[in-house]
$ cat input_9.cif   # mmCIF, C-alpha atoms and all ligand atoms
data_target
#
loop_
_atom_site.label_atom_id
_atom_site.label_comp_id
_atom_site.auth_asym_id
_atom_site.auth_seq_id
_atom_site.Cartn_x
_atom_site.Cartn_y
_atom_site.Cartn_z
CA MET V 1 -36.88 73.48 -158.71
CA THR V 2 -34.90 71.70 -161.42
CA THR V 3 -35.57 71.99 -165.11
CA LEU V 4 -36.64 68.38 -165.02
CA GLN V 5 -39.46 69.17 -162.60
CA CYS V 6 -40.62 72.09 -164.75
CA MET V 7 -40.77 69.91 -167.80
CA THR V 8 -43.72 68.34 -169.42
CA GLU V 9 -43.39 64.59 -169.68
CA ARG V 10 -43.10 64.70 -173.46
CA TYR V 11 -39.42 65.44 -173.77
CA THR V 12 -37.72 63.56 -170.97
CA THR V 13 -34.37 63.32 -172.73
CA THR V 14 -34.39 67.06 -173.46
CA ALA V 15 -35.11 67.77 -169.78
CA GLU V 16 -32.31 65.44 -168.72
CA LEU V 17 -29.98 67.10 -171.22
CA CYS V 18 -30.86 70.53 -169.75
CA ASP V 19 -29.99 69.27 -166.26
CA PHE V 20 -26.73 67.80 -167.52
CA ILE V 21 -25.78 71.09 -169.22
CA GLU V 22 -26.54 73.05 -166.06
CA LYS V 23 -24.23 70.89 -163.96
CA SER V 24 -21.51 70.82 -166.65
CA PRO V 25 -20.25 74.40 -167.03
CA THR V 26 -16.96 73.29 -168.64
CA GLN V 27 -15.65 70.27 -170.55
CA PHE V 28 -13.92 69.15 -167.33
CA HIS V 29 -17.23 69.05 -165.46
CA ALA V 30 -19.01 67.29 -168.34
CA VAL V 31 -16.40 64.54 -168.34
CA GLU V 32 -16.42 64.29 -164.52
CA ASN V 33 -20.23 63.90 -164.49
CA MET V 34 -20.09 61.21 -167.16
CA LYS V 35 -17.29 59.45 -165.29
CA ASN V 36 -19.41 59.22 -162.13
CA GLU V 37 -22.34 57.81 -164.06
CA LEU V 38 -20.14 55.32 -165.93
CA ILE V 39 -18.77 53.99 -162.63
CA GLN V 40 -22.31 53.69 -161.23
CA ASN V 41 -23.18 51.64 -164.31
CA GLY V 42 -20.35 49.18 -163.83
CA PHE V 43 -17.80 50.67 -166.26
CA LYS V 44 -14.15 50.36 -165.21
CA GLU V 45 -11.64 53.16 -165.77
CA LEU V 46 -8.46 52.32 -167.69
CA ASP V 47 -5.34 54.41 -167.10
CA GLU V 48 -3.27 55.15 -170.22
CA ARG V 49 -0.07 54.93 -168.14
CA LYS V 50 -0.82 51.42 -166.92
CA HIS V 51 -1.26 47.89 -168.26
CA TRP V 52 -4.81 47.21 -169.51
CA ILE V 53 -6.75 44.02 -168.89
CA ILE V 54 -9.86 44.08 -171.08
CA GLU V 55 -12.31 41.23 -170.68
CA ARG V 56 -15.03 40.11 -173.01
CA GLY V 57 -18.37 41.25 -171.68
CA GLY V 58 -16.72 44.10 -169.72
CA SER V 59 -17.37 47.86 -169.98
CA TYR V 60 -14.51 50.38 -169.85
CA PHE V 61 -13.64 54.03 -170.23
CA ILE V 62 -10.51 56.16 -170.62
CA ILE V 63 -10.19 59.86 -169.86
CA ARG V 64 -7.51 62.07 -171.36
CA ASN V 65 -6.70 65.53 -169.98
CA SER V 66 -9.86 65.31 -167.83
CA SER V 67 -11.69 66.70 -170.85
CA ALA V 68 -11.93 63.91 -173.46
CA LEU V 69 -13.51 60.53 -172.93
CA ILE V 70 -13.73 57.21 -174.73
CA ALA V 71 -16.08 54.54 -173.38
CA PHE V 72 -17.04 51.13 -174.76
CA ARG V 73 -18.70 47.81 -174.03
CA VAL V 74 -16.86 44.66 -175.13
CA PRO V 75 -19.14 42.03 -176.73
CA PRO V 76 -19.08 38.67 -174.94
CA ALA V 77 -18.08 36.78 -178.12
CA ASP V 78 -16.02 37.71 -181.19
CA PHE V 79 -17.25 40.83 -182.95
CA ALA V 80 -17.05 42.18 -186.50
CA GLY V 81 -15.94 45.76 -185.82
CA TYR V 82 -16.67 48.95 -183.91
CA SER V 83 -19.82 51.10 -183.89
CA ILE V 84 -18.47 54.52 -182.97
CA VAL V 85 -20.23 57.79 -182.17
CA SER V 86 -18.02 60.85 -181.81
CA ALA V 87 -18.92 64.26 -180.43
CA HIS V 88 -17.14 67.06 -178.56
CA THR V 89 -17.19 68.29 -174.97
CA ASP V 90 -15.99 71.88 -175.40
CA SER V 91 -17.92 75.02 -176.31
CA PRO V 92 -16.79 78.58 -177.07
CA ALA V 93 -16.27 80.75 -173.98
CA PHE V 94 -14.06 83.38 -172.43
CA LYS V 95 -10.99 81.87 -170.80
CA ILE V 96 -9.44 83.70 -167.88
CA LYS V 97 -5.81 84.69 -168.42
CA THR V 98 -3.02 84.27 -165.89
CA GLU V 99 -2.54 87.35 -163.67
CA PRO V 100 -6.10 88.34 -164.56
CA GLU V 101 -6.94 91.17 -162.17
CA ILE V 102 -7.26 94.62 -163.71
CA SER V 103 -7.74 97.71 -161.57
CA ASP V 104 -10.14 100.15 -163.25
CA ALA V 105 -8.76 103.35 -161.75
CA GLY V 106 -9.14 101.60 -158.41
CA LEU V 107 -12.94 101.85 -158.65
CA TYR V 108 -13.62 98.36 -159.90
CA THR V 109 -11.93 95.07 -160.63
CA THR V 110 -12.28 93.43 -164.02
CA LEU V 111 -10.73 90.18 -165.19
CA ASN V 112 -8.43 89.80 -168.16
CA THR V 113 -9.73 87.12 -170.53
CA GLU V 114 -9.19 85.72 -174.01
CA VAL V 115 -11.56 84.12 -176.44
CA TYR V 116 -11.80 80.33 -176.66
CA GLY V 117 -13.38 79.23 -179.94
CA GLY V 118 -15.40 81.25 -182.44
CA LEU V 119 -17.98 82.77 -180.14
CA LEU V 120 -20.73 85.27 -180.83
CA MET V 121 -19.79 88.23 -178.63
CA ALA V 122 -22.92 90.38 -178.48
CA PRO V 123 -25.11 88.03 -176.40
CA TRP V 124 -22.47 87.79 -173.66
CA PHE V 125 -23.28 91.35 -172.52
CA ASP V 126 -25.51 92.12 -169.51
CA ARG V 127 -25.90 88.47 -168.55
CA PRO V 128 -25.07 87.02 -165.13
CA LEU V 129 -21.86 85.04 -165.48
CA SER V 130 -20.11 82.54 -163.29
CA ILE V 131 -16.64 80.98 -163.43
CA ALA V 132 -15.62 77.33 -163.43
CA GLY V 133 -12.76 75.11 -164.52
CA ARG V 134 -9.89 73.20 -163.01
CA VAL V 135 -7.00 74.18 -160.79
CA TYR V 136 -3.81 72.36 -159.88
CA VAL V 137 -2.93 72.24 -156.23
CA ARG V 138 0.28 71.16 -154.51
CA THR V 139 -0.45 68.71 -151.68
CA GLY V 140 2.73 67.62 -149.88
CA ASN V 141 4.90 66.33 -152.71
CA LYS V 142 1.99 65.60 -155.03
CA ILE V 143 0.16 67.74 -157.56
CA GLU V 144 -3.60 67.33 -157.56
CA GLU V 145 -6.25 68.48 -160.00
CA ARG V 146 -9.44 69.95 -158.52
CA LEU V 147 -12.53 71.09 -160.37
CA ILE V 148 -14.02 74.32 -159.15
CA ASP V 149 -17.23 76.19 -159.84
CA PHE V 150 -18.44 79.41 -158.20
CA SER V 151 -22.00 78.14 -158.87
CA ARG V 152 -23.36 81.68 -158.49
CA PRO V 153 -23.21 84.86 -160.56
CA VAL V 154 -19.82 86.49 -159.91
CA ALA V 155 -19.14 88.44 -163.09
CA LEU V 156 -20.88 90.42 -165.81
CA ILE V 157 -19.79 92.12 -169.03
CA PRO V 158 -21.70 95.42 -168.94
CA ASN V 159 -22.79 97.07 -172.19
CA LEU V 160 -21.84 100.68 -172.76
CA ALA V 161 -24.95 102.86 -172.47
CA ILE V 162 -26.63 103.75 -175.77
CA HIS V 163 -26.04 107.46 -174.95
CA MET V 164 -22.29 106.94 -175.08
CA ASN V 165 -22.27 104.93 -178.25
CA ARG V 166 -25.14 106.01 -180.51
CA LYS V 167 -23.93 103.88 -183.41
CA VAL V 168 -23.66 100.62 -181.50
CA ASN V 169 -26.67 99.13 -183.27
CA GLU V 170 -25.17 99.85 -186.69
CA GLU V 171 -21.59 98.79 -186.09
CA ASN V 172 -20.85 95.95 -183.76
CA GLY V 173 -17.23 95.04 -184.26
CA TYR V 174 -16.54 93.91 -180.71
CA ARG V 175 -12.91 93.58 -179.67
CA ALA V 176 -12.11 90.90 -177.12
CA GLN V 177 -9.44 92.88 -175.29
CA LYS V 178 -11.42 96.14 -175.15
CA ASP V 179 -15.13 95.42 -175.00
CA MET V 180 -15.45 92.04 -173.38
CA LEU V 181 -13.70 92.08 -169.99
CA PRO V 182 -15.99 91.04 -167.15
CA LEU V 183 -16.51 93.18 -164.07
CA ILE V 184 -16.17 91.20 -160.85
CA ALA V 185 -15.84 93.57 -157.89
CA GLU V 186 -16.02 97.13 -156.65
CA GLY V 187 -12.75 98.73 -155.65
CA PHE V 188 -9.46 97.02 -156.32
CA ASP V 189 -7.96 94.70 -153.76
CA LYS V 190 -5.07 92.94 -155.46
CA GLY V 191 -5.16 89.18 -155.03
CA GLN V 192 -8.85 88.93 -154.13
CA PHE V 193 -9.68 86.83 -157.17
CA GLY V 194 -6.84 84.46 -156.30
CA LYS V 195 -8.17 84.23 -152.74
CA ALA V 196 -11.62 83.30 -154.02
CA ILE V 197 -10.08 80.55 -156.18
CA GLN V 198 -8.05 79.24 -153.22
CA GLN V 199 -11.18 79.11 -151.10
CA LEU V 200 -13.05 77.08 -153.72
CA ALA V 201 -10.07 74.79 -154.25
CA ARG V 202 -9.59 74.47 -150.48
CA CYS V 203 -5.88 75.32 -150.65
CA THR V 204 -3.42 78.02 -149.67
CA GLU V 205 -1.83 80.57 -151.98
CA ARG V 206 1.41 78.56 -151.97
CA GLU V 207 -0.39 75.34 -152.86
CA LEU V 208 -2.25 76.80 -155.82
CA LEU V 209 -0.26 76.17 -158.98
CA GLU V 210 -2.07 76.79 -162.28
CA TYR V 211 -5.67 77.05 -163.45
CA GLU V 212 -7.83 76.75 -166.54
CA LEU V 213 -10.99 78.73 -165.84
CA PHE V 214 -13.79 79.86 -168.10
CA LEU V 215 -16.61 82.33 -167.80
CA TYR V 216 -19.93 80.62 -168.32
CA PRO V 217 -23.45 82.03 -168.54
CA TYR V 218 -25.28 81.57 -165.25
CA THR V 219 -28.52 80.93 -167.04
CA LYS V 220 -31.10 78.20 -166.63
CA ALA V 221 -32.06 76.19 -169.66
CA SER V 222 -35.63 76.63 -170.83
CA ILE V 223 -38.06 74.58 -172.84
CA TRP V 224 -40.37 76.96 -174.64
CA GLY V 225 -42.71 77.69 -177.55
CA LEU V 226 -46.49 77.44 -177.67
CA GLY V 227 -46.19 73.66 -177.81
CA ASN V 228 -42.94 73.45 -175.81
CA GLU V 229 -41.25 72.51 -179.06
CA PHE V 230 -37.97 74.38 -178.57
CA PHE V 231 -35.34 74.51 -175.90
CA SER V 232 -32.56 76.99 -175.20
CA ALA V 233 -29.45 76.53 -173.10
CA PRO V 234 -25.73 77.24 -173.09
CA ARG V 235 -23.43 74.69 -174.80
CA ILE V 236 -26.10 72.84 -176.82
CA ASP V 237 -23.28 72.54 -179.41
CA ASP V 238 -22.11 69.88 -178.76
CA LEU V 239 -23.40 68.59 -175.42
CA MET V 240 -26.69 67.69 -177.13
CA CYS V 241 -24.86 65.07 -179.21
CA ALA V 242 -22.29 64.15 -176.53
CA TYR V 243 -24.94 63.57 -173.87
CA THR V 244 -27.38 61.60 -176.04
CA ALA V 245 -24.51 59.41 -177.32
CA PHE V 246 -23.40 58.87 -173.72
CA ARG V 247 -26.92 57.83 -172.61
CA ALA V 248 -27.18 55.48 -175.59
CA LEU V 249 -23.92 53.76 -174.65
CA LEU V 250 -25.14 53.24 -171.08
CA ALA V 251 -28.20 51.48 -172.49
CA ALA V 252 -26.32 49.58 -175.21
CA GLU V 253 -25.85 45.83 -175.30
CA SER V 254 -22.99 44.65 -177.42
CA LYS V 255 -23.36 41.78 -179.86
CA ASP V 256 -21.88 41.79 -183.36
CA TYR V 257 -20.16 45.16 -183.02
CA MET V 258 -18.44 46.88 -180.13
CA PRO V 259 -20.30 50.08 -179.19
CA LEU V 260 -17.88 52.90 -178.44
CA ILE V 261 -18.27 56.64 -177.92
CA THR V 262 -15.42 59.10 -178.29
CA LEU V 263 -15.92 62.59 -176.94
CA PHE V 264 -13.10 64.90 -177.94
CA ASP V 265 -12.11 68.27 -176.51
CA ASN V 266 -10.91 71.38 -178.36
CA GLU V 267 -13.11 70.98 -181.43
CA GLU V 268 -13.82 74.70 -181.16
CA THR V 269 -10.16 75.59 -181.64
CA GLY V 270 -9.34 73.17 -184.44
CA SER V 271 -8.96 69.81 -182.62
CA GLY V 272 -5.16 69.92 -182.71
CA THR V 273 -4.43 68.92 -179.11
CA LYS V 274 -3.59 65.63 -177.37
CA GLN V 275 -7.28 65.33 -176.39
CA GLY V 276 -8.67 66.56 -179.74
CA ALA V 277 -9.99 64.71 -182.80
CA LEU V 278 -6.61 65.12 -184.55
CA SER V 279 -4.78 63.36 -181.71
CA ASP V 280 -3.83 59.71 -181.37
CA PHE V 281 -6.43 59.20 -178.61
CA LEU V 282 -8.93 57.08 -180.57
CA PRO V 283 -6.38 55.09 -182.66
CA THR V 284 -4.34 54.36 -179.53
CA VAL V 285 -7.38 53.09 -177.62
CA ILE V 286 -8.46 50.90 -180.59
CA GLU V 287 -4.88 49.59 -180.84
CA ARG V 288 -4.77 48.75 -177.15
CA ILE V 289 -8.19 47.05 -177.20
CA ALA V 290 -6.89 44.88 -180.07
CA PHE V 291 -3.67 44.15 -178.18
CA SER V 292 -5.48 43.30 -174.98
CA LEU V 293 -7.92 40.96 -176.79
CA SER V 294 -4.98 39.34 -178.65
CA PHE V 295 -6.06 40.16 -182.23
CA ASN V 296 -3.37 39.57 -184.82
CA ALA V 297 -2.53 42.29 -187.37
CA GLU V 298 -4.95 40.93 -189.94
CA GLU V 299 -7.86 40.56 -187.51
CA LYS V 300 -7.22 44.10 -186.33
CA ALA V 301 -7.29 45.50 -189.87
CA MET V 302 -10.43 43.51 -190.72
CA LYS V 303 -12.25 44.83 -187.67
CA ASN V 304 -11.25 48.43 -188.40
CA ALA V 305 -12.38 48.08 -192.01
CA SER V 306 -15.73 46.63 -190.87
CA SER V 307 -16.39 49.52 -188.48
CA PHE V 308 -18.62 52.55 -188.90
CA MET V 309 -18.54 55.96 -187.27
CA ILE V 310 -21.22 58.58 -186.73
CA SER V 311 -19.59 61.98 -186.28
CA ALA V 312 -22.18 63.99 -184.36
CA ASP V 313 -22.07 67.78 -184.19
CA ASN V 314 -24.94 70.18 -184.57
CA CYS V 315 -25.61 72.21 -187.72
CA HIS V 316 -27.59 75.32 -188.62
CA ALA V 317 -31.37 75.31 -188.77
CA MET V 318 -32.98 77.75 -191.19
CA HIS V 319 -33.24 81.08 -189.37
CA PRO V 320 -36.74 82.59 -189.75
CA ASN V 321 -35.33 86.10 -190.26
CA TYR V 322 -32.45 85.15 -192.57
CA MET V 323 -33.88 82.54 -194.89
CA GLU V 324 -31.46 83.62 -197.63
CA LYS V 325 -28.53 82.27 -195.58
CA CYS V 326 -29.47 78.63 -196.00
CA ASP V 327 -29.28 76.34 -198.98
CA PRO V 328 -32.28 76.84 -201.30
CA THR V 329 -33.21 73.16 -201.50
CA ASN V 330 -31.85 71.69 -198.25
CA ARG V 331 -33.43 73.78 -195.51
CA ALA V 332 -32.85 72.05 -192.20
CA ARG V 333 -35.41 72.82 -189.51
CA MET V 334 -35.55 72.33 -185.78
CA ASN V 335 -37.53 69.17 -184.93
CA GLY V 336 -37.08 67.97 -188.51
CA GLY V 337 -35.04 65.02 -187.27
CA VAL V 338 -31.42 63.98 -187.69
CA CYS V 339 -29.55 66.14 -190.24
CA ILE V 340 -27.34 64.15 -192.59
CA LYS V 341 -24.57 66.62 -193.48
CA PHE V 342 -23.02 66.70 -196.94
CA SER V 343 -20.09 68.72 -198.27
CA ALA V 344 -18.51 68.31 -201.73
CA ALA V 345 -15.13 69.27 -200.23
CA GLN V 346 -15.64 66.47 -197.67
CA LYS V 347 -15.54 68.86 -194.74
CA TYR V 348 -18.26 66.44 -193.70
CA THR V 349 -17.25 62.83 -194.25
CA THR V 350 -20.67 61.73 -195.49
CA ASP V 351 -20.67 60.03 -198.87
CA ALA V 352 -23.45 58.23 -200.76
CA GLU V 353 -22.42 54.91 -199.21
CA SER V 354 -22.28 56.03 -195.57
CA ALA V 355 -25.47 58.09 -195.95
CA SER V 356 -27.28 55.13 -197.53
CA TYR V 357 -26.24 52.86 -194.67
CA LEU V 358 -27.48 55.40 -192.12
CA ARG V 359 -30.75 56.00 -194.00
CA ALA V 360 -31.45 52.30 -194.11
CA LEU V 361 -30.93 52.11 -190.35
CA MET V 362 -33.18 55.14 -189.75
CA ASP V 363 -35.90 53.86 -192.10
CA GLU V 364 -35.87 50.52 -190.34
CA HIS V 365 -36.36 52.20 -186.94
CA GLU V 366 -38.68 55.01 -188.15
CA ILE V 367 -36.25 57.77 -187.21
CA ALA V 368 -36.95 61.13 -188.85
CA TYR V 369 -34.15 62.68 -190.90
CA GLN V 370 -33.40 65.56 -193.24
CA TYR V 371 -30.41 66.93 -195.12
CA PHE V 372 -28.00 69.71 -194.33
CA VAL V 373 -25.79 71.26 -197.01
CA ASN V 374 -24.20 74.70 -196.67
CA HIS V 375 -25.30 77.55 -198.94
CA SER V 376 -22.61 77.46 -201.65
CA ASP V 377 -21.50 81.04 -200.99
CA ILE V 378 -21.32 80.65 -197.20
CA PRO V 379 -18.65 78.24 -196.02
CA GLY V 380 -19.70 76.42 -192.84
CA GLY V 381 -17.63 75.68 -189.76
CA SER V 382 -15.44 72.65 -189.30
CA THR V 383 -16.24 69.56 -187.25
CA LEU V 384 -14.81 66.25 -186.05
CA GLY V 385 -15.44 63.55 -188.66
CA ASN V 386 -12.99 64.52 -191.40
CA LEU V 387 -10.29 65.17 -188.77
CA SER V 388 -10.60 61.91 -186.84
CA ALA V 389 -10.83 60.04 -190.20
CA GLN V 390 -7.27 61.23 -190.91
CA LYS V 391 -6.15 59.31 -187.83
CA LEU V 392 -8.46 56.29 -187.98
CA SER V 393 -9.88 55.85 -191.46
CA ILE V 394 -13.22 54.10 -191.24
CA PRO V 395 -16.49 54.79 -193.10
CA THR V 396 -18.09 57.80 -191.41
CA VAL V 397 -21.22 59.87 -191.70
CA ASP V 398 -21.57 63.42 -190.34
CA ILE V 399 -24.85 64.21 -188.66
CA GLY V 400 -26.27 66.61 -186.08
CA ALA V 401 -29.41 68.35 -184.90
CA ALA V 402 -30.45 71.62 -186.56
CA GLN V 403 -30.04 74.54 -184.17
CA LEU V 404 -30.11 78.34 -184.10
CA ALA V 405 -27.61 80.87 -182.73
CA MET V 406 -24.68 78.48 -182.78
CA HIS V 407 -21.85 79.67 -180.48
CA SER V 408 -24.08 82.10 -178.62
CA PRO V 409 -24.02 81.68 -174.82
CA TYR V 410 -27.69 80.71 -175.15
CA GLU V 411 -28.35 78.46 -178.13
CA THR V 412 -31.67 77.09 -179.36
CA ALA V 413 -32.65 73.67 -180.71
CA GLY V 414 -35.71 71.47 -181.17
CA ALA V 415 -36.96 69.57 -178.11
CA ARG V 416 -38.10 66.60 -180.21
CA ASP V 417 -34.67 66.35 -181.86
CA THR V 418 -33.00 65.32 -178.60
CA GLU V 419 -35.32 62.32 -178.51
CA THR V 420 -34.62 61.60 -182.20
CA LEU V 421 -30.83 61.73 -181.74
CA SER V 422 -31.18 59.48 -178.72
CA LYS V 423 -33.14 56.94 -180.69
CA LEU V 424 -30.60 56.93 -183.53
CA PHE V 425 -27.61 56.44 -181.22
CA THR V 426 -29.42 53.74 -179.26
CA CYS V 427 -30.29 51.79 -182.42
CA PHE V 428 -26.83 52.26 -183.90
CA LEU V 429 -24.86 51.27 -180.78
CA ARG V 430 -27.03 48.16 -180.43
CA ARG V 431 -26.60 46.97 -184.02
CO CO R 501 -19.78 71.78 -182.51
#
$ encode --input "input_9.cif" --output "structure tokens" --more "lines below"
Ligand code: CO
Amino acid sequence: MTTLQCMTERYTTTAELCDFIEKSPTQFHAVENMKNELIQNGFKELDERKHWIIERGGSYFIIRNSSALIAFRVPPADFAGYSIVSAHTDSPAFKIKTEPEISDAGLYTTLNTEVYGGLLMAPWFDRPLSIAGRVYVRTGNKIEERLIDFSRPVALIPNLAIHMNRKVNEENGYRAQKDMLPLIAEGFDKGQFGKAIQQLARCTERELLEYELFLYPYTKASIWGLGNEFFSAPRIDDLMCAYTAFRALLAAESKDYMPLITLFDNEETGSGTKQGALSDFLPTVIERIAFSLSFNAEEKAMKNASSFMISADNCHAMHPNYMEKCDPTNRARMNGGVCIKFSAAQKYTTDAESASYLRALMDEHEIAYQYFVNHSDIPGGSTLGNLSAQKLSIPTVDIGAAQLAMHSPYETAGARDTETLSKLFTCFLRR
């Protein structure tokens, strides 16, 4: 039975998001699933290596590195600028190293891994884990990318028994190389992990070139609480924003502005890759749209200056057991609506002007909102908006849903907030 079937009718978008998360264990799968749906909805894929023909009234998308995606609908007539929503596809996880098999005195096999992003380690213990990602396979004289997913529990990071570590509940300084390696088999049969990968990728040992694989929690999403007001799932940061923005684009009609979503990879490691928010991905696509639609330099600059971006990434809800960790006057709560994020240092791009524009839009459409500001003594994490603004400088506002346990393998957010985000993106991309 799917999560969707278990769900009450109240939070359809949340149930759909849970299904999307379950079938998207890595950024590669998330982008692949969106790609399939875009094609079904009449979007055409553009290849960065080829000539682009962009027609007015057409819908297009571009994928970079199989993990970042930009999609847009071209208005039928001239348009004033771009309405952009950005989010990210990646989430913290354990990435499997090359030559990963470790023999544990020949009794077991564990896998060598490293940490991707700033993850919370403790909740990864004693949880069924699976493995997914992409592999590169040699086929004749070509090299082909294939996505793989074990789609069943194959690994687990076992806790050390309390009897062997009496102080574990007082000191929990987990070390990635010592404490966090997943157990995958009894005995040690060198090459068995490679064989399992080859089987999933339907290739021989010789054909298998390289891989990028991640552990992911093999855990169903759940919608819970006495009134079903919360939901928990892996990768809510930032698939909650990425997915709702994606759905809004599918439903968008373009008129005065071109609706565009840009979903970057590698936000969790600082965005500094060719598919990250610091790359030339978005500016290059905007440049090529302008070129293809024959805008001159002035028209191009005018359109960029008339654009607006919503940078969407979740933020921290007030934790019931750690109320002192949040700002004393701006306590964001789950189901409190869209969080407008402010930072004096401009780690969030929001300023009075961009926030006022967004508030006016939300007031007009009766969309609930609240504020998020970090506690002054607790610096928050980074996000996309101020990074992509360095590459394409347009007025931007940082927003997100308030969630708990960010970067845990099982995060928690408000079920009503998925609907609220959806409504905001839909109204914004239709403006
Ligand atoms: Co995030």
$ residues_near_point --input "input_9.cif" --point "(-22.0, 50.7, -163.0)" --cutoff "12 Å" --atoms "only C-alpha atoms" --output "list in words"
Met34, Lys35, Asn36, Glu37, Leu38, Ile39, Gln40, Asn41, Gly42, Phe43, Lys44, Glu45, Gly58, Ser59, Tyr60, Phe61, Arg73, Leu250 and Ala251 of chain V
$ closest_atom_pairs --input "input_9.cif" --of "range 219-274 of chain V" --to "range 286-304 of chain V" --cutoff "12 Å" --atoms "all atoms listed in the file" --output "CSV"
residue,atom,partner,partner_atom,distance
V:Asp256,CA,V:Lys303,CA,11.0
V:Tyr257,CA,V:Lys303,CA,9.2
V:Met258,CA,V:Lys303,CA,10.0
V:Pro259,CA,V:Ile286,CA,12.0
V:Leu260,CA,V:Ile286,CA,9.9
V:Ile261,CA,V:Ile286,CA,11.7
V:Thr262,CA,V:Ile286,CA,11.0
$ write_last_selection --input "input_9.cif" --atoms "C-alpha atoms" --output "PDB file, keeping the file's coordinate frame"
ATOM      1  CA  ASP V 256     -21.880  41.790-183.360  1.00  0.00           C
ATOM      2  CA  TYR V 257     -20.160  45.160-183.020  1.00  0.00           C
ATOM      3  CA  MET V 258     -18.440  46.880-180.130  1.00  0.00           C
ATOM      4  CA  PRO V 259     -20.300  50.080-179.190  1.00  0.00           C
ATOM      5  CA  LEU V 260     -17.880  52.900-178.440  1.00  0.00           C
ATOM      6  CA  ILE V 261     -18.270  56.640-177.920  1.00  0.00           C
ATOM      7  CA  THR V 262     -15.420  59.100-178.290  1.00  0.00           C
TER       8      THR V 262
END
$ residues_around --input "input_9.cif" --residues "range 203-209 of chain V" --least-positions-apart "4" --cutoff "6 Å" --atoms "all atoms listed in the file" --output "ChimeraX atom specification"
/V:136-138,198
$ residues_near_ligand --input "input_9.cif" --ligand "ligand CO 501 (chain R)" --cutoff "6 Å" --atoms "all atoms listed in the file" --output "mmCIF file with C-alpha atoms, keeping the file's coordinate frame"
data_model
loop_
_atom_site.group_PDB
_atom_site.id
_atom_site.type_symbol
_atom_site.label_atom_id
_atom_site.label_comp_id
_atom_site.auth_asym_id
_atom_site.auth_seq_id
_atom_site.Cartn_x
_atom_site.Cartn_y
_atom_site.Cartn_z
ATOM 1 C CA ASP V 237 -23.280 72.540 -179.410
ATOM 2 C CA ASP V 238 -22.110 69.880 -178.760
ATOM 3 C CA ASP V 313 -22.070 67.780 -184.190
ATOM 4 C CA ASN V 314 -24.940 70.180 -184.570
#
$ atom_distance --input "input_9.cif" --atom1 "CA of Val154 in chain V" --atom2 "CA of Ala93 in chain V"
15.6 Å
$ closest_atom_pairs --input "input_9.cif" --of "range 199-304 of chain V" --to "range 174-188 of chain V" --cutoff "12 Å" --atoms "only C-alpha atoms" --output "CSV"
residue,atom,partner,partner_atom,distance
V:Phe214,CA,V:Pro182,CA,11.4
V:Leu215,CA,V:Pro182,CA,8.8
V:Tyr216,CA,V:Pro182,CA,11.2
V:Pro217,CA,V:Pro182,CA,11.8
$ residues_around --input "input_9.cif" --residues "range 376-387 of chain V" --least-positions-apart "5" --cutoff "8 Å" --atoms "all atoms listed in the file" --output "ChimeraX atom specification"
/V:86-88,267,270-271,277-278,310-313,325,327,346-349,396-398
$ axis_aligned_box --input "input_9.cif" --around "range 64-82 of chain V" --padding-each-side "6 Å" --output "AutoDock Vina command-line options"
--center_x -12.9 --center_y 51.7 --center_z -177.2 --size_x 24.4 --size_y 41.9 --size_z 30.7
$ closest_residue --input "input_9.cif" --among "V:Ile131, V:Ile84, V:Ala155, V:Val338" --to "Thr109 in chain V" --atoms "only C-alpha atoms"
V:Ala155
$ residues_around --input "input_9.cif" --residues "range 370-375 of chain V" --least-positions-apart "5" --cutoff "7 Å" --atoms "only C-alpha atoms" --output "list in words"
Lys325, Cys326, Asp327, Asn330, Arg331, Ala332, Gly336, Gly337, Val338, Cys339, Ile340, Lys341, Phe342, Ser343 and Gly380 of chain V
$ closest_residue --input "input_9.cif" --among "V:Ser388, V:Ser307, V:Ser254, V:Thr420" --to "Met362 in chain V" --atoms "only C-alpha atoms"
V:Thr420
$ residues_around --input "input_9.cif" --residues "Ser91 in chain V" --least-positions-apart "6" --cutoff "10 Å" --atoms "all atoms listed in the file" --output "list in words"
Pro25, Thr26, Gln27, Tyr116, Gly117, Gly118, Leu119, Tyr216, Pro234, Arg235, Ile236, Asp237, Asp238, Leu239, Asp265, Asn266, Glu267, Glu268, Thr269, Met406, His407, Ser408 and Pro409 of chain V
$ closest_residue --input "input_9.cif" --among "V:Gly133, V:Gly194, V:Pro153, V:Gly272" --to "Thr219 in chain V" --atoms "only C-alpha atoms"
V:Pro153
$ atom_distance --input "input_9.cif" --atom1 "CA of Ser232 in chain V" --atom2 "CA of Glu411 in chain V"
5.3 Å
$ closest_residue --input "input_9.cif" --among "V:Ile157, V:Met318, V:Val135, V:Ala15" --to "Ala405 in chain V" --atoms "only C-alpha atoms"
V:Met318
$ closest_residue --input "input_9.cif" --among "V:Phe94, V:Tyr82, V:Tyr218, V:Phe150" --to "Leu392 in chain V" --atoms "only C-alpha atoms"
V:Tyr82
$ atom_distance --input "input_9.cif" --atom1 "CA of Pro320 in chain V" --atom2 "CA of Thr14 in chain V"
22.6 Å
